[in-house]
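Chemist: Mind looking over this structure? Questions follow.
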Amino acid sequence: MKRLVLLGWMLAAAMGAGWGQVESERVRVLYPRPELAAYAERVAREAEAALDVLEPLFGPRSGRVVLRLNDTVDLFNAYATPVPRRTVELLAPVPAGAVIDLRSPSVGYLLLVHELTHTRQLTFRELPGGKRPLRLGLVTELSAPMPPAWFVEGVATYMESRFTPGGRLDWAYTQGLINALLEEDRFPDLADMSLYTYRDWPRGQTRYLLGVRFVQYLIERYGWDAVLATLRQYNTGLVAPPPFAAAWERASGVALTKAWGGWVALERERAAAYERTARSYEVVEEKASMPARSPDGRRLAYVKEGWIVVAGADGGGARKLVRSRPQRLWWKDDRTLLYSRYVPEGDGVASDVFELDVERGRERRLTRGLHARLAAPAPGGCFDYLRDRAGEPAELLRRCPGGEEVVWVAAKGEHPLGLAVSPEGRVALAVWHEGSVDIAVLESGRLKYLAAGRLGAEPPAPPPDPCSGEARTLDPCYPRGRPMHTGPVWEGEDRVVFRAGEPGVYELFRVDLASGRIERLTHSRGGFLGAAVGGGVWTAAELGPDGPRLVRLQPAPEPVKVWGEARYFLFVSEGDGLRPAPQESPGGADQLRERAPGLDPRLRGEPKRVRPAPRPPLQTEKAVELRRRTYDPLPSLKPYGWLPTNLAFVPVPPYAALEASVYGLDDARVYSYRAVLGFDPALSGAPLGAYAYLEAGAGAGVDLVGPTGPLGFTVRAGAWPSGDGVVFGVVPGLASQGLWDRWNWRAGFEAGPVWSAAAGWRGEYRGFVRAGQEVRDPWGYLTAGGYGGMYGGTGYAWALAGAAWKLGARPLVAEARVLGGAGTPLPVGAAALGDALALEARLRYAWKVERRSEDGWLALERVTLAPAVYGRYDPAAGALAYGADLGVYADAVFFYALPLPLGVRAGWDGGWWWRIEAGPW
């Protein structure tokens with residue numbers, strides 16, 4: 001036992017070793033390896049610059065913001081949390097492909113503005129009149145009430161657009177998505193936008209892209225003060241927050257539904273301008289993207305609803321091959337697909353290259369641990385891929401059967417976001433540099449840019465301006481209109497097709513390498529996500545009302561010019577709106593008004609007055625004093641809050657039980673603890689049933705929010721309840737949790753000596769292991785996949801396995817599980833299974849109800865009917881029993897963000913029984 005404890009402490013010390021930190025006045029950046037020190041300093045300077053513009057909006061701060069770098073994840077993202085402290089975790093610094101707007105001199109700065117906005121808004125607990133709420137040290141006091149989904153992400157996305165030259169407010173994809181939703185009146189309503197459980201197209205993008213447009217509309221007309229006043233009203237709830245719509249109306253005097261209706265009407269006007277210039281294309285396949293034509297032209301591959309699908313050249317005879325979400329899809333040869341995708345591994349996410357045999361449907365991994373992104377096939381059985389990690393220059397590598405070589409190393413400030421290789425091996429790249437994304441070809445190891453600058457293609461209507469109306473008071477404001485050209489595809493050896501956002505949505509363009517001539521090929525409502533060119537046949541993914549769809553193109557080339565400077569923009573802010581910018585483009589603003597004579601004056605950009613002062617250049621890094629040192633976890637291990645974790649009262653015989661827990665977690669999220677103090681007079685072995693113990697973990701989260709990694713160590717010491725008494729002891733343990741591609745697992749084991757007044761010294765142990773490949777909906781119902789687990793300890797040992805299958809296109813799911821052993825705690829029929837074995841089968845059918853309050857504060861989304869049958873065998877008694885029951889569940893959402901199925905289950909199990917249930921089976 002001593003050796004196990006010593007091994008655990010050595011493991012705990014090793015987990016915290018290697019972390020460094022950079023400190024400034026307002027931020028602390030933690031980095032896991034020394035090579036990231038310089039990058040951490042840059043992040044600190046950018047965070048200080050971001051806080052300079054954000055802090056005046058939310059008032060004075062308290063304490064440093066923790067920024068934690070995670071280099072085990074190749075997926076571009078970040079997230080913010082107020083618990084246990086205001087923290088932002090930064091993942092891969094550059095996206096694989098154009099998944100967000102990148103028209104900013106620093107993608108990291110844009111990301112920090114977004115996430116630091118979350119840390120300020122989610123901790124803004126001020127009440128009307130500037131009053132502060134009463135604080136008792138509870139964990140729940142660390143975060144403000146959660147507003148609707150559109151507001152949380154809309155405000156953060158607005159700030160990324162307001163305080164950088166980029167952002168998703170006027171992003172071409174945002175405009176295309178809105179146009180597509182309005183095409184067949186599929187626009188979400190206010191409650192849809194508010195609910196975190198919203199799963200219809202465009203799903204999670206709703207809160208970001210539609211949210212930012214609505215937030216901009218509100219700030220432009222009512223000002224930032226109205227937003228803060230609404231948050232103060234929203235913070236007044238004692239147990240639960242009031243409806244956000246009511247808080248907005250009390251703060252602004254305007255009904256939120258009325259404001260929402262005005263915004264939607266304005267978006268309809270803007271979309272109508274695109275409608276007048278759009279062309280229709282023949283639809284090949286709905287809800288599909290990433291088209292790729294085989295070299296022989298006989299097959300079409302694409303991605304549909306999370307599956308890679310292969311069909312005939314005309315789209316017929318489609319076959320699902322494998323569930324996968326590639327970054328980009330290519331044909332390696334006539335029977336093999338090549339792509340890179342993200343692979344969850346342990347507590348990280350790798351990006352690696354795969355090939356897929358379309359005849360057998362077998363996927364094979366070609367790289368491991370190389371951080372390989374955006375792979376594309378090259379001649380001679382080779383493939384190229386990109387690698388771009390924090391603190392290192394980006395690289396283009398080529399792997400062939402005989403080995404691997406570095407083809408190109410990016411200069412400082414260059415980040416490749418797209419890759420295509422021609423049949424003869426010519427390389428085209430989409431490269432982010434100086435706040436723009438441009439198409440380039442690689443010649444003799446150097447980049448030759450093909451369309452560096454803004455294309456002379458005008459949007460039918462100007463996008464919303466983050467600096468107009470009441471938003472003018474939120475200085476500073478920056479020039480907009482940088483180009484973003486991405487998604488290169490070769491047409492033969494001398495032409496490159498790409499997407500560009502200058503027309504307001506992403507349209508397809510083509511550049512001829514010999515002449516430098518650039519042509520516009522499409523006019524769309526929603527814009528395009530990519531294209532496949534081969535044998536004179538064009539197939540493209542266009543944004544439609546139900547999501548991406550494949551269409552067949554017949555390009556109609558139109559020549560366009562390139563304006564040499566990326567600072568060119570068609571519309572500039574002035575007064576309360578926009579006006580056409582001075583330009584040399586043919587026709588200019590007059591041509592725009594001729595094409596859209598019925599456009600709302602707010603969209604035509606009628607001039608009122610010109611802002612005389614030029615906008616300053618964006619400074620993404622602030623010159624601040626930085627201190628670099630080894631990370632010490634102890635200062636951040638002070639308790640961050642407490643919660644009552646057990647409260648019981650029994651009237652006969654009268655007694656009460658109470659338990660409270662105090663929690664701690666260090667800033668690196670390696671070390672955590674839970675200190676427990678409680679009493680229960682029903683427990684024997686201690687006066688009044690009192691107990692107190694400490695549970696600590698290293699690499700194993702034993703508090704409320706700490707993560708558990710692939711290997712963690714735990715220890716429990718003190719006195720704690722066990723059975724009907726209190727035991728004393730020290731019990732070490734191991735814990736493990738993680739992902740392996742499509743599988744997940746959790747495991748834990750602890751064992752050690754304990755003493756009790758009734759039994760003296762004895763050994764106590766418990767453990768479990770559980771693994772699965774599961775798909776669950778927001779309410780926790782298993783909708784596909786399966787799982788299995790074994791659980792054991794002193795006096796019990798049982799196992800559980802289950803699976804679910806979706807039956808057809810209807811919301812009908814069949815689920816089955818088998819369970820049993822000694823002391824099985826799960827109920828089967830009227831009571832817990834105990835020492836028996838059982839087999840259960842259940843059907844679930846869900847009806848959409850969507851009965852909601854005005855803005856979704858309370859919502860009944862579905863009613864689920866779940867009949868079940870089961871058989872149970874008791875080996876000790878040799879008895880076999882059968883039963884059946886029926887469950888009816890109201891799948892509700894409380895306060896926008898809390899999904900909870902509430903139901904009643906009743907049946908026959910040797911007698912009639914019923915019970916109320918909260919949660920899925």
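In the structure tokens, chains take letters A, B, ... by order of appearance, with residues numbered from 1 within each chain and ligands from 1 in the order shown.
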Would you pick out the contacts of Arg298 (chain A) at 12 Å or less, using only C-alpha atoms, so that residues sharing its chain but fewer than 3 positions from it are not included, and give the list as an MDAnalysis selection string?

Modeler: chainID A and resid 292:295 301 310:317 331 333:335 534:535 537

Chemist: Neighbouring residues of region 675-691 of chain A were defined as those with any atom within 8 Å, considering only C-alpha atoms; residues of the same chain fewer than 4 positions away were excluded. Please report them as number ranges by chain.

Modeler: A: 655-663, 695, 718-721, 724-727, 756-758

Chemist: Keeping all heavy atoms for every residue in the selection just given, could you write it to a file as a compact mmCIF listing (two decimals), in the first residue's frame?

Modeler:
# COMPACT_ATOMS: atom_id res chain seq x y z
N TYR A 655 -35.41 13.14 12.45
CA TYR A 655 -33.99 13.47 12.45
C TYR A 655 -33.66 14.15 11.14
O TYR A 655 -34.37 14.04 10.15
CB TYR A 655 -33.11 12.23 12.68
CG TYR A 655 -32.87 11.38 11.46
CD1 TYR A 655 -31.80 11.64 10.61
CD2 TYR A 655 -33.70 10.29 11.18
CE1 TYR A 655 -31.57 10.84 9.49
CE2 TYR A 655 -33.47 9.49 10.08
CZ TYR A 655 -32.41 9.78 9.22
OH TYR A 655 -32.20 9.00 8.13
N ALA A 656 -32.53 14.89 11.13
CA ALA A 656 -32.07 15.60 9.94
C ALA A 656 -30.63 15.22 9.65
O ALA A 656 -29.86 14.91 10.57
CB ALA A 656 -32.19 17.11 10.13
N ALA A 657 -30.28 15.22 8.38
CA ALA A 657 -28.90 14.95 7.94
C ALA A 657 -28.46 16.10 7.05
O ALA A 657 -29.25 16.65 6.27
CB ALA A 657 -28.81 13.64 7.19
N LEU A 658 -27.19 16.47 7.17
CA LEU A 658 -26.67 17.60 6.41
C LEU A 658 -25.23 17.31 6.00
O LEU A 658 -24.46 16.74 6.77
CB LEU A 658 -26.72 18.89 7.25
CG LEU A 658 -26.13 20.16 6.63
CD1 LEU A 658 -26.94 20.59 5.43
CD2 LEU A 658 -26.08 21.29 7.65
N GLU A 659 -24.89 17.73 4.76
CA GLU A 659 -23.52 17.59 4.28
C GLU A 659 -23.18 18.80 3.42
O GLU A 659 -24.00 19.28 2.65
CB GLU A 659 -23.36 16.31 3.46
CG GLU A 659 -21.95 16.09 2.92
CD GLU A 659 -21.86 14.86 2.05
OE1 GLU A 659 -21.81 13.75 2.60
OE2 GLU A 659 -21.87 15.02 0.80
N ALA A 660 -21.97 19.31 3.57
CA ALA A 660 -21.49 20.42 2.76
C ALA A 660 -20.10 20.06 2.23
O ALA A 660 -19.31 19.41 2.91
CB ALA A 660 -21.42 21.71 3.56
N SER A 661 -19.81 20.50 0.99
CA SER A 661 -18.53 20.21 0.35
C SER A 661 -17.87 21.51 -0.09
O SER A 661 -18.54 22.41 -0.62
CB SER A 661 -18.72 19.30 -0.87
OG SER A 661 -19.25 18.05 -0.49
N VAL A 662 -16.57 21.59 0.11
CA VAL A 662 -15.75 22.72 -0.32
C VAL A 662 -14.85 22.22 -1.45
O VAL A 662 -14.27 21.14 -1.35
CB VAL A 662 -14.90 23.28 0.85
CG1 VAL A 662 -14.00 24.40 0.35
CG2 VAL A 662 -15.81 23.78 1.96
N TYR A 663 -14.70 23.04 -2.51
CA TYR A 663 -14.00 22.58 -3.71
C TYR A 663 -12.80 23.46 -4.04
O TYR A 663 -12.80 24.67 -3.76
CB TYR A 663 -14.96 22.60 -4.91
CG TYR A 663 -16.18 21.75 -4.72
CD1 TYR A 663 -17.37 22.31 -4.28
CD2 TYR A 663 -16.13 20.38 -4.97
CE1 TYR A 663 -18.51 21.52 -4.11
CE2 TYR A 663 -17.26 19.59 -4.80
CZ TYR A 663 -18.44 20.17 -4.36
OH TYR A 663 -19.55 19.39 -4.18
N GLU A 695 -10.91 14.41 -0.27
CA GLU A 695 -10.64 13.63 -1.47
C GLU A 695 -9.83 14.52 -2.41
O GLU A 695 -10.25 15.64 -2.73
CB GLU A 695 -11.94 13.20 -2.14
CG GLU A 695 -11.75 12.20 -3.27
CD GLU A 695 -13.07 11.66 -3.77
OE1 GLU A 695 -14.13 12.18 -3.37
OE2 GLU A 695 -13.03 10.72 -4.59
N GLY A 718 -9.69 10.27 5.91
CA GLY A 718 -10.57 10.82 6.93
C GLY A 718 -11.62 9.81 7.33
O GLY A 718 -11.37 8.60 7.37
N ALA A 719 -12.83 10.30 7.61
CA ALA A 719 -13.96 9.46 8.00
C ALA A 719 -15.11 9.74 7.05
O ALA A 719 -15.47 10.90 6.83
CB ALA A 719 -14.36 9.75 9.44
N TRP A 720 -15.72 8.68 6.50
CA TRP A 720 -16.79 8.86 5.52
C TRP A 720 -17.85 7.76 5.67
O TRP A 720 -17.57 6.70 6.24
CB TRP A 720 -16.23 8.85 4.09
CG TRP A 720 -15.51 7.60 3.70
CD1 TRP A 720 -16.06 6.47 3.18
CD2 TRP A 720 -14.11 7.35 3.81
NE1 TRP A 720 -15.09 5.53 2.94
CE2 TRP A 720 -13.88 6.04 3.30
CE3 TRP A 720 -13.01 8.10 4.26
CZ2 TRP A 720 -12.62 5.47 3.27
CZ3 TRP A 720 -11.75 7.53 4.23
CH2 TRP A 720 -11.55 6.24 3.73
N PRO A 721 -19.05 8.01 5.18
CA PRO A 721 -20.11 7.00 5.29
C PRO A 721 -19.79 5.79 4.41
O PRO A 721 -19.34 5.92 3.28
CB PRO A 721 -21.36 7.73 4.77
CG PRO A 721 -21.04 9.17 4.87
CD PRO A 721 -19.56 9.27 4.64
N ASP A 724 -24.11 1.38 6.50
CA ASP A 724 -24.91 2.04 7.55
C ASP A 724 -24.05 2.60 8.67
O ASP A 724 -24.53 2.88 9.76
CB ASP A 724 -25.93 1.05 8.13
CG ASP A 724 -25.26 -0.20 8.71
OD1 ASP A 724 -24.01 -0.31 8.63
OD2 ASP A 724 -25.97 -1.08 9.21
N GLY A 725 -22.71 2.77 8.39
CA GLY A 725 -21.84 3.29 9.42
C GLY A 725 -20.80 4.24 8.87
O GLY A 725 -20.79 4.57 7.67
N VAL A 726 -19.90 4.68 9.75
CA VAL A 726 -18.81 5.57 9.39
C VAL A 726 -17.51 4.78 9.52
O VAL A 726 -17.28 4.11 10.53
CB VAL A 726 -18.78 6.81 10.30
CG1 VAL A 726 -17.57 7.68 9.99
CG2 VAL A 726 -20.05 7.62 10.13
N VAL A 727 -16.66 4.87 8.48
CA VAL A 727 -15.37 4.20 8.52
C VAL A 727 -14.26 5.26 8.47
O VAL A 727 -14.46 6.37 7.98
CB VAL A 727 -15.21 3.21 7.34
CG1 VAL A 727 -16.27 2.12 7.41
CG2 VAL A 727 -15.27 3.92 6.00
N SER A 756 -13.68 0.53 11.31
CA SER A 756 -15.00 0.93 11.80
C SER A 756 -15.19 0.37 13.18
O SER A 756 -14.56 -0.63 13.58
CB SER A 756 -16.11 0.42 10.87
OG SER A 756 -16.19 -1.00 10.89
N ALA A 757 -16.06 1.00 13.95
CA ALA A 757 -16.31 0.56 15.33
C ALA A 757 -16.94 -0.82 15.36
O ALA A 757 -16.73 -1.59 16.31
CB ALA A 757 -17.22 1.57 16.03
N ALA A 758 -17.70 -1.18 14.33
CA ALA A 758 -18.39 -2.47 14.33
C ALA A 758 -17.50 -3.62 13.88
O ALA A 758 -17.58 -4.72 14.42
CB ALA A 758 -19.62 -2.39 13.42

Chemist: Give me the residues within 6 Å of Glu840 (chain A) as a list in words, counting only C-alpha atoms and dropping any in the same chain fewer than 3 places off.

Modeler: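 In the requested format, the answer is Ala816, Arg817, Val869 and Tyr870 of chain A.
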
Chemist: Using backbone DSSP assignments, extract all strand (DSSP E or B) residues from region 84-285 of chain A; output them as a list in words.

Modeler: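 For region 84-285 of chain A, the strand (DSSP E or B) set is Thr87, Val88, Glu89, Leu90, Ala92, Leu138, Glu282, Val283, Val284 and Glu285 of chain A.
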
Chemist: Would you mind telling me which residue in A:Val769, A:Leu417, A:Ala906, A:Met146 lies nearest to Pro242 (chain A) when using only C-alpha atoms?

Modeler: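 Comparing A:Val769, A:Leu417, A:Ala906, A:Met146 against Pro242 (chain A), the winner is A:Met146.
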
Chemist: Do you have the CA of Asp189 (chain A)-CA of Glu542 (chain A) distance handy?

Modeler: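 Separating CA of Asp189 (chain A) from CA of Glu542 (chain A) is a distance of 23.4 Å.
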
Chemist: Find the spatial neighbours of Met159 (chain A), counting only C-alpha atoms, within a cut-off of 8 Å - ignore same-chain residues fewer than 2 positions away - and output them as a PDB file with N, CA and C atoms, in the first residue's frame.

Modeler:
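Result went into result_29.pdb, see below:
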ATOM      1  N   VAL A 113     -10.616  38.428 -28.054  1.00  0.00           N
ATOM      2  CA  VAL A 113     -11.698  39.398 -27.839  1.00  0.00           C
ATOM      3  C   VAL A 113     -13.003  38.649 -27.609  1.00  0.00           C
ATOM      4  N   HIS A 114     -13.267  37.627 -28.415  1.00  0.00           N
ATOM      5  CA  HIS A 114     -14.494  36.849 -28.273  1.00  0.00           C
ATOM      6  C   HIS A 114     -14.557  36.171 -26.900  1.00  0.00           C
ATOM      7  N   THR A 117     -14.686  38.442 -23.807  1.00  0.00           N
ATOM      8  CA  THR A 117     -16.037  38.982 -23.637  1.00  0.00           C
ATOM      9  C   THR A 117     -16.884  38.025 -22.810  1.00  0.00           C
ATOM     10  N   VAL A 155     -23.258  38.580 -28.380  1.00  0.00           N
ATOM     11  CA  VAL A 155     -22.470  39.681 -27.827  1.00  0.00           C
ATOM     12  C   VAL A 155     -20.986  39.451 -28.065  1.00  0.00           C
ATOM     13  N   ALA A 156     -20.508  38.222 -27.800  1.00  0.00           N
ATOM     14  CA  ALA A 156     -19.079  37.937 -27.996  1.00  0.00           C
ATOM     15  C   ALA A 156     -18.688  38.058 -29.462  1.00  0.00           C
ATOM     16  N   THR A 157     -19.554  37.599 -30.375  1.00  0.00           N
ATOM     17  CA  THR A 157     -19.257  37.697 -31.797  1.00  0.00           C
ATOM     18  C   THR A 157     -19.349  39.137 -32.268  1.00  0.00           C
ATOM     19  N   SER A 161     -16.230  41.467 -33.927  1.00  0.00           N
ATOM     20  CA  SER A 161     -16.428  42.223 -35.162  1.00  0.00           C
ATOM     21  C   SER A 161     -16.246  43.720 -34.944  1.00  0.00           C
ATOM     22  N   ARG A 162     -16.574  44.183 -33.762  1.00  0.00           N
ATOM     23  CA  ARG A 162     -16.500  45.627 -33.473  1.00  0.00           C
ATOM     24  C   ARG A 162     -15.076  46.093 -33.230  1.00  0.00           C
ATOM     25  N   PHE A 163     -14.267  45.251 -32.620  1.00  0.00           N
ATOM     26  CA  PHE A 163     -12.935  45.682 -32.207  1.00  0.00           C
ATOM     27  C   PHE A 163     -11.816  45.048 -33.016  1.00  0.00           C
TER      28      PHE A 163
END

Chemist: Just the residues within 6 Å of Asp74 (chain A), please, counting only C-alpha atoms, with nothing from its chain fewer than 6 positions along; format it as a list in words.

Modeler: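 My reading of the contact set: Ala92, Val349, Ala350 and Ser351 of chain A.
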
Chemist: For Trp755 (chain A), find every residue with an atom within 7 Å (counting only C-alpha atoms), except residues of its own chain fewer than 3 positions away, and show them as a PDB file with N, CA and C atoms, in the first residue's frame.

Modeler:
ATOM      1  N   VAL A 727     -16.660   4.871   8.483  1.00  0.00           N
ATOM      2  CA  VAL A 727     -15.365   4.199   8.517  1.00  0.00           C
ATOM      3  C   VAL A 727     -14.261   5.257   8.466  1.00  0.00           C
ATOM      4  N   PHE A 728     -13.075   4.882   8.972  1.00  0.00           N
ATOM      5  CA  PHE A 728     -11.921   5.759   9.006  1.00  0.00           C
ATOM      6  C   PHE A 728     -10.795   5.098   8.218  1.00  0.00           C
ATOM      7  N   GLY A 729     -10.045   5.885   7.427  1.00  0.00           N
ATOM      8  CA  GLY A 729      -8.952   5.288   6.687  1.00  0.00           C
ATOM      9  C   GLY A 729      -8.340   6.218   5.667  1.00  0.00           C
ATOM     10  N   GLY A 760     -13.852  -3.286  13.060  1.00  0.00           N
ATOM     11  CA  GLY A 760     -12.426  -3.105  13.207  1.00  0.00           C
ATOM     12  C   GLY A 760     -11.765  -2.845  11.864  1.00  0.00           C
ATOM     13  N   TRP A 761     -10.537  -3.324  11.700  1.00  0.00           N
ATOM     14  CA  TRP A 761      -9.820  -3.114  10.444  1.00  0.00           C
ATOM     15  C   TRP A 761     -10.283  -4.114   9.376  1.00  0.00           C
ATOM     16  N   ARG A 762     -10.430  -3.635   8.164  1.00  0.00           N
ATOM     17  CA  ARG A 762     -10.776  -4.471   7.031  1.00  0.00           C
ATOM     18  C   ARG A 762     -10.349  -3.761   5.748  1.00  0.00           C
TER      19      ARG A 762
END

Chemist: Show me a table, sorted first by chain and then by increasing residue number, of the residues of region 629-658 of chain A having an atom at most 10 Å from region 76-85 of chain A, each with its shortest atom pair and the distance in Å to one decimal, counting only C-alpha atoms and written as JSON lines.

Modeler:
{"residue": "A:Ser636", "atom": "CA", "partner": "A:Arg85", "partner_atom": "CA", "distance": 9.3}
{"residue": "A:Pro639", "atom": "CA", "partner": "A:Pro84", "partner_atom": "CA", "distance": 8.9}
{"residue": "A:Tyr640", "atom": "CA", "partner": "A:Pro84", "partner_atom": "CA", "distance": 5.8}
{"residue": "A:Gly641", "atom": "CA", "partner": "A:Pro84", "partner_atom": "CA", "distance": 8.1}

Chemist: If I take CA of His118 (chain A) and CA of Pro145 (chain A), how far is one from the other in Å, to one decimal?

Modeler: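 Those two atoms sit 12.6 Å apart.
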
Chemist: Show which residues sit within 12 Å of Pro466 (chain A), as a ChimeraX atom specification. Count only C-alpha atoms, and ignore same-chain residues fewer than 5 positions away.

Modeler: /A:155,157-170,212-221,223-224,471-480,572-574,576-578

Chemist: With only C-alpha atoms as the basis for distance, which of A:Glu424, A:Asp101, A:Asp185, A:Asp225 is at the shortest distance from Pro483 (chain A)?

Modeler: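 Ranked by minimum distance to Pro483 (chain A), first place goes to A:Asp101.
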
Chemist: Could you state the separation of CA of Tyr198 (chain A) and CA of Glu184 (chain A) in Å, given to one decimal place?

Modeler: 19.1 Å

Chemist: Name the closest residue to Pro867 (chain A) among the candidates A:Ala698, A:Leu902, A:Ala884, A:Val73; distances are taken between atoms, counting only C-alpha atoms.

Modeler: A:Ala884

Chemist: Can you pull out every residue from region 417-537 of chain A that DSSP, working from the backbone, puts in helix (DSSP H, G or I), and format the result as an MDAnalysis selection string?

Modeler: chainID A and resid 469:473
